[in-house]
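With compact mmCIF, C-alpha atoms inside, this is input_8.txt:
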# COMPACT_ATOMS: atom_id res chain seq x y z
CA MET V 18 99.18 127.27 79.49
CA LYS V 19 99.98 123.80 80.82
CA THR V 20 103.62 122.74 80.82
CA ASP V 21 104.68 119.26 79.79
CA ASN V 22 105.24 116.70 82.49
CA ILE V 23 108.75 115.48 81.74
CA ILE V 24 108.55 112.16 83.62
CA ALA V 25 105.12 111.35 82.14
CA ASN V 26 106.44 112.00 78.63
CA LYS V 27 109.68 110.12 79.26
CA THR V 28 107.91 107.04 80.67
CA PHE V 29 105.35 107.06 77.85
CA ASP V 30 108.11 107.17 75.23
CA PHE V 31 109.97 104.43 77.09
CA SER V 32 106.81 102.28 77.05
CA LEU V 33 106.65 102.63 73.28
CA LYS V 34 110.29 101.52 73.02
CA ILE V 35 109.59 98.53 75.27
CA ILE V 36 106.65 97.52 73.08
CA SER V 37 108.93 97.65 70.02
CA LEU V 38 111.58 95.63 71.84
CA TYR V 39 108.94 93.08 72.85
CA ILE V 40 107.91 92.66 69.21
CA GLN V 41 111.56 92.19 68.16
CA LEU V 42 112.13 89.64 70.94
CA LYS V 43 109.07 87.64 69.89
CA LYS V 44 110.50 87.48 66.35
CA GLU V 45 113.62 85.94 67.92
CA ASN V 46 111.39 83.41 69.72
CA GLU V 47 112.01 84.86 73.16
CA PHE V 48 108.63 84.67 74.89
CA ILE V 49 109.21 84.41 78.65
CA ILE V 50 111.41 87.36 79.63
CA SER V 51 109.92 89.53 76.88
CA LYS V 52 106.43 89.19 78.42
CA GLN V 53 107.73 90.14 81.88
CA LEU V 54 109.59 93.07 80.36
CA LEU V 55 106.48 94.24 78.51
CA ARG V 56 104.42 94.19 81.71
CA SER V 57 106.90 95.99 83.96
CA GLY V 58 108.21 98.38 81.28
CA THR V 59 104.78 99.70 80.34
CA SER V 60 103.60 99.75 83.96
CA ILE V 61 106.10 102.49 84.85
CA GLY V 62 104.27 105.11 82.82
CA ALA V 63 100.84 103.86 83.89
CA ASN V 64 101.78 104.37 87.53
CA VAL V 65 103.22 107.81 86.82
CA GLU V 66 99.89 108.74 85.20
CA GLU V 67 98.05 107.48 88.28
CA ALA V 68 100.37 109.54 90.48
CA ILE V 69 99.56 112.67 88.49
CA ALA V 70 95.89 112.12 89.36
CA ALA V 71 96.61 111.36 93.03
CA GLN V 72 94.11 112.46 95.65
CA SER V 73 96.75 113.53 98.14
CA LYS V 74 100.50 114.02 98.48
CA ARG V 75 100.76 110.65 100.25
CA ASP V 76 98.83 108.98 97.43
CA PHE V 77 101.17 110.66 94.93
CA ILE V 78 104.24 109.34 96.78
CA SER V 79 102.72 105.86 96.93
CA LYS V 80 102.00 105.75 93.19
CA MET V 81 105.42 107.13 92.30
CA SER V 82 106.99 104.50 94.59
CA ILE V 83 105.18 101.80 92.63
CA ALA V 84 106.48 103.35 89.39
CA SER V 85 109.98 103.20 90.88
CA LYS V 86 109.58 99.51 91.73
CA GLU V 87 108.35 98.76 88.21
CA ALA V 88 111.31 100.64 86.74
CA ARG V 89 113.70 98.64 88.88
CA GLU V 90 112.01 95.40 87.84
CA THR V 91 112.33 96.46 84.22
CA LYS V 92 116.02 97.12 84.79
CA TYR V 93 116.35 93.58 86.15
CA TRP V 94 114.71 91.98 83.09
CA LEU V 95 116.84 94.08 80.76
CA ARG V 96 120.02 93.09 82.59
CA LEU V 97 118.96 89.45 82.43
CA LEU V 98 118.35 89.72 78.69
CA ASP V 99 121.71 91.42 78.22
CA LYS V 100 123.78 88.94 80.24
CA SER V 101 121.94 85.76 79.18
CA GLU V 102 122.68 86.40 75.52
CA LEU V 103 119.16 85.27 74.59
CA THR V 104 119.08 88.02 71.99
CA THR V 105 121.41 89.85 69.66
CA ILE V 106 119.47 93.09 70.14
CA PRO V 107 121.62 95.73 71.88
CA ILE V 108 120.15 96.32 75.36
CA THR V 109 122.57 98.97 76.70
CA GLY V 110 120.48 101.94 75.51
CA TYR V 111 117.39 100.59 77.25
CA LEU V 112 119.37 100.05 80.45
CA GLU V 113 120.68 103.62 80.38
CA GLU V 114 117.22 105.01 79.79
CA VAL V 115 115.55 103.04 82.57
CA GLU V 116 118.36 104.04 84.95
CA HIS V 117 117.71 107.68 84.09
CA ILE V 118 113.99 107.14 84.76
CA VAL V 119 114.76 105.50 88.12
CA ASN V 120 116.92 108.48 89.09
CA ILE V 121 114.23 111.02 88.16
CA ILE V 122 111.47 109.14 89.98
CA THR V 123 113.69 108.71 93.06
CA LYS V 124 114.34 112.45 93.14
CA ILE V 125 110.63 113.19 92.76
CA ILE V 126 109.80 110.86 95.65
CA LYS V 127 112.49 112.31 97.93
CA THR V 128 111.45 115.89 97.19
CA SER V 129 107.78 115.04 97.77
CA GLN V 130 108.60 113.33 101.07
CA GLU V 131 110.59 116.36 102.20
CA ASN V 132 107.75 118.70 101.24
CA ILE V 133 105.15 116.64 103.09
CA SER V 134 107.11 116.74 106.35
CA GLN V 135 107.81 120.48 106.25
CA PRO V 136 105.50 122.66 108.33
CA ILE V 137 103.30 125.16 106.50
CA GLN V 138 104.85 128.61 106.59
CA ASN V 139 102.88 131.81 107.06
CA LEU V 140 102.95 134.05 104.04
Reformat the file's structure so that it appears as structure tokens.
Amino acid sequence: MKTDNIIANKTFDFSLKIISLYIQLKKENEFIISKQLLRSGTSIGANVEEAIAAQSKRDFISKMSIASKEARETKYWLRLLDKSELTTIPITGYLEEVEHIVNIITKIIKTSQENISQPIQNL
């Protein structure tokens, strides 16, 4: 039986939340930052999915690194929305969630890099 991939599920759910936020922001006539946020926020999960289908450990690390960059970009746009006061929508929850995603992806990358550099042990 296949177990759930926590980061894939978490980034998919986050993408759905970002889509909802985008729709709310458009209703408030915020079109510029919301579009950037939509692109980067949904790209996190897309890159995680690509990483899952990676052809090698190095390819996996590369795709997860891109997911990390997209998560950090998303964090930037969320912070900008929060501090610019362009919206009355509370952004703190989104910031906390993307920070959690960044931390998980960073740990996955570090662990994968450590595993790739370790010599194969005889069983």
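Reported to one decimal place, the separation of CA of Ser85 in chain V from CA of Ile122 in chain V is 6.2 Å.
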### Residue nearest Arg96 in chain V among V:Tyr111, V:Lys44, V:Asn120, V:Met81 (counting all atoms listed in the file)
V:Tyr111
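By chain and then residue number, the residues within 12 Å of Glu90 in chain V are V:Ile50, V:Gln53, V:Leu54, V:Leu55, V:Arg56, V:Ser57, V:Gly58, V:Thr59, V:Ser60, V:Ile61, V:Ile83, V:Ala84, V:Ser85, V:Lys86, V:Glu87, V:Tyr93, V:Trp94, V:Leu95, V:Arg96, V:Leu97, V:Leu112, V:Val115, V:Glu116, V:Val119, counting only C-alpha atoms and disregarding those fewer than 3 positions away in sequence.
Considering all atoms listed in the file, the residue among V:Ile106, V:Ile125, V:Ala71, V:Leu98 positioned nearest to Ile24 in chain V is V:Ile125.
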### Neighbour residues at most 12 Å from (116.5, 86.3, 66.4) (only C-alpha atoms) as a ChimeraX atom specification
/V:38,40-48,102-106
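Our summary of the geometry notes that CA of Ile108 in chain V is positioned 26.2 Å from CA of Asn22 in chain V.
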### Task
Record the distance separating CA of Arg89 in chain V and CA of Arg75 in chain V, expressed in Å with one decimal.
21.0 Å
## Note on the structure
Counting only C-alpha atoms, the residue among V:Thr91, V:Glu131, V:Asp76, V:Ile118 that lies closest to Ala25 in chain V is V:Ile118
### Message
Using all atoms listed in the file, can you tell me which of V:Gly62, V:Phe77, V:Lys92, V:Pro107 comes closest to Lys27 in chain V?
### Response
V:Gly62
